[in-house]
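Heads up: the structure comes next, in structure tokens.
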Amino acid sequence: MCTLPISARLMRCVILTGAIFYPAIALAADLPAPTYPQWWLDHSLSGAQPPAPSNTTAFNAWVAQNYSPVNLGQLKNFAAQAQAYLDSQLAPFGGAGTDINNLINSFGATSSVNYAPANLGQLKNVAKPFYDRLIAVGFDTKSNLNFLMYGNASAGNWTFNSPWPDPPPGPGETGYDSGNYTAWVQLNYAPVNLGQLKLAFSFDFERVVLAPSLWLDAGVGITMNGSNRISLWADTSGLSNNATQATDAAKPLWVDNVINGHPIVRLDGVNGTLAIPSVATGNFTIFLVAKATTTHEIDSESTTGSDGASGQKYILAGPSPGGANASAALSLGTNGVSYYERSASALPPLAVYNGTVGNTTALICLSNQAQSSTLYLNGQLVRVGLTSTANATLAPTEIGLDTAGGFAGDIAELLIYNRALTIQERANVETYLSRKYALNLTPQITISAPVNGANFAASRVDVNGAVTHTLPLQSVTVNGIAGYEPAR
């Protein structure tokens, strides 16, 4: 049985040590065991994960340790290791960047000054270029901090992009209050403790901060027999929406070290299948990291009929829920990806992408909102589907096999959200998955139609997130021909 940690959350108990950054938050008794980012262990910032809360003596000692003062040498070391981490994670985009590199180079050789205590102002000064860089490449620092502090990326309790509040208005600025400003300045001289240092450098590209309703990762929570046949694929969302299979002949195969060092669940398209609960009705977003080995039938889009009843390779599906509702189904082949809906009397293809997927690992995203579906392949919008005639569509309940056809290939990761994600949220999840599995995403570019007096806008969504470039326009007439030119 695979025994990797179910929760990727860092720790709210460290929040208790960070009252200088924000109000203290009570430690809930039902919180999962605190977990450090893996890069801390890889870069020797910690020798092991924190003890479990059930180990009362060790856990209490660990909590107490977070109140320990930090010296400048520790702060510098954390920053230097964070620089190395960003260099590795952001290599295609210039690594940690000039500002961070200049900061680390300014530290100089080790000296006795490294034993001097660090204060809050120094921690902010060192951490700020890291947060600036994370924001520049599209990392959602605000959601990450809400996730760490409150266990919910969408909580909205923490409204700042860094672990400290924005400064109050200073002298000469609107709203300036000398008492508040003086207190803020004095606070920056307060000593820093270990818990605050940890929180400031808690960013992690290997963590999805948007909490899905179902999250299956082939490297986590696998229960299998001696032949590596899977009976349980545990849901890592914390909601226990596990994938299960009790019949030996239908159990998929677990294979280690297949996609960028990560394991996969292998399906044969004939028998292998897993059952999951339906976690959403109406609006949902699905992400799949998978590799197909065979082609599937390409059907013409329609809102009626049962073209999906044969020739498909359903990687996700589900029986008809009955009544006026339908169940979502996704077919994946090396020659395309198609979205179907199964109702009591029909199985029509609502969105069909007829193009090369290949027999390499692909990232597929299906978004369903207000009964309208969109398909994305490797970060690129490839199809806007027809509007469903069903009252509501249920998220899939079967992995790998349907009465109308089975999927032959590998699945590394599956996430289902019970809502339609925003463009930025989708880009964040795709960024996480693309970096984890070394996938090349295709930028999505949208250009607006120019309007007099408005902006010509070009928006790009890629692994760096959403970036919009605007150019103000003005009308112009040249040789009797009207048009537009950049505003002067």
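Residues in the structure tokens are numbered from 1 in each chain, the chains being A, B, ... in the order shown, and ligands are numbered from 1 in the order shown.
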Handout entry: Backbone DSSP call of strand (DSSP E or B) for segment 106-340 of chain A, listed as a ChimeraX atom specification
Key = /A:117,119,191,193,214-217,222-224,229-233,243-244,253-259,262-268,274-275,281,284-292,314-317,326-333,336-340
Exercise for the section: Find the residues near Ile276 of chain A: any atom within 10 Å, counting only C-alpha atoms, skip ones fewer than 5 places away on the same chain, and give them as a VMD selection string. Expected result: chain A and resid 214 233 235 241 to 245 318 395 to 399
Go ahead and write the residues just picked, N, CA and C atoms, as a compact mmCIF listing (two decimals), in the first residue's frame.
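The result, stored in part-v8.txt:
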```
# COMPACT_ATOMS: atom_id res chain seq x y z
N LEU A 214 -13.01 16.17 -5.49
CA LEU A 214 -12.40 14.85 -5.62
C LEU A 214 -11.01 15.04 -6.19
N TRP A 233 -8.44 3.65 -4.36
CA TRP A 233 -7.64 4.83 -4.72
C TRP A 233 -8.22 5.96 -3.88
N ASP A 235 -9.22 9.33 -2.06
CA ASP A 235 -9.43 10.73 -2.40
C ASP A 235 -8.61 11.61 -1.47
N ASN A 241 -14.11 10.90 -1.05
CA ASN A 241 -14.76 10.47 -2.29
C ASN A 241 -13.84 9.49 -3.02
N ASN A 242 -13.64 8.34 -2.41
CA ASN A 242 -12.65 7.37 -2.87
C ASN A 242 -13.11 6.62 -4.12
N ALA A 243 -12.13 6.18 -4.92
CA ALA A 243 -12.39 5.30 -6.05
C ALA A 243 -12.17 3.87 -5.59
N THR A 244 -13.10 2.99 -5.91
CA THR A 244 -13.04 1.62 -5.37
C THR A 244 -13.33 0.58 -6.45
N GLN A 245 -12.83 -0.63 -6.20
CA GLN A 245 -13.13 -1.78 -7.04
C GLN A 245 -12.95 -3.06 -6.21
N GLY A 318 -20.71 7.43 -16.68
CA GLY A 318 -21.67 7.19 -15.60
C GLY A 318 -23.00 6.79 -16.18
N ALA A 395 -21.66 14.96 -12.48
CA ALA A 395 -20.26 14.61 -12.72
C ALA A 395 -20.13 13.09 -12.85
N PRO A 396 -19.09 12.60 -13.52
CA PRO A 396 -18.95 11.15 -13.77
C PRO A 396 -18.84 10.33 -12.48
N THR A 397 -19.22 9.05 -12.61
CA THR A 397 -19.13 8.12 -11.47
C THR A 397 -18.36 6.86 -11.82
N GLU A 398 -17.80 6.78 -13.02
CA GLU A 398 -17.03 5.62 -13.45
C GLU A 398 -15.71 6.06 -14.06
N ILE A 399 -14.65 5.36 -13.75
CA ILE A 399 -13.34 5.63 -14.32
C ILE A 399 -12.93 4.45 -15.19
```
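By only C-alpha atoms, and with residues fewer than 4 positions from segment 332-342 of chain A along its chain excluded, the set lying at most 7 Å from it is Ala292, Thr293, Thr294, Thr295, His296, Gly308, Lys313, Tyr314, Ile315, Pro319, Ser320, Ala326, Ser327, Ala328, Ala346, Leu347, Pro348, Pro349, Leu350, Ala351, Val352, Tyr353, Asn354, Gly355, Thr356, Val357, Gly358 and Asn359 of chain A.
For the pair atom CA of Tyr417 of chain A and atom CA of Ala200 of chain A, the interatomic distance is 28.3 Å.
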Practice task
Would you mind listing what lies within 10 Å of Ala370 of chain A as number ranges by chain, with only C-alpha atoms counted and same-chain residues fewer than 5 positions away left out?
Solution key: A: 282-284, 387-388, 391-393, 420
Problem - Selected residue, from A:Gln89, A:Gln122, A:Ile481, A:Phe160, that lies nearest to Lys436 of chain A when counting only C-alpha atoms - result: A:Gln89
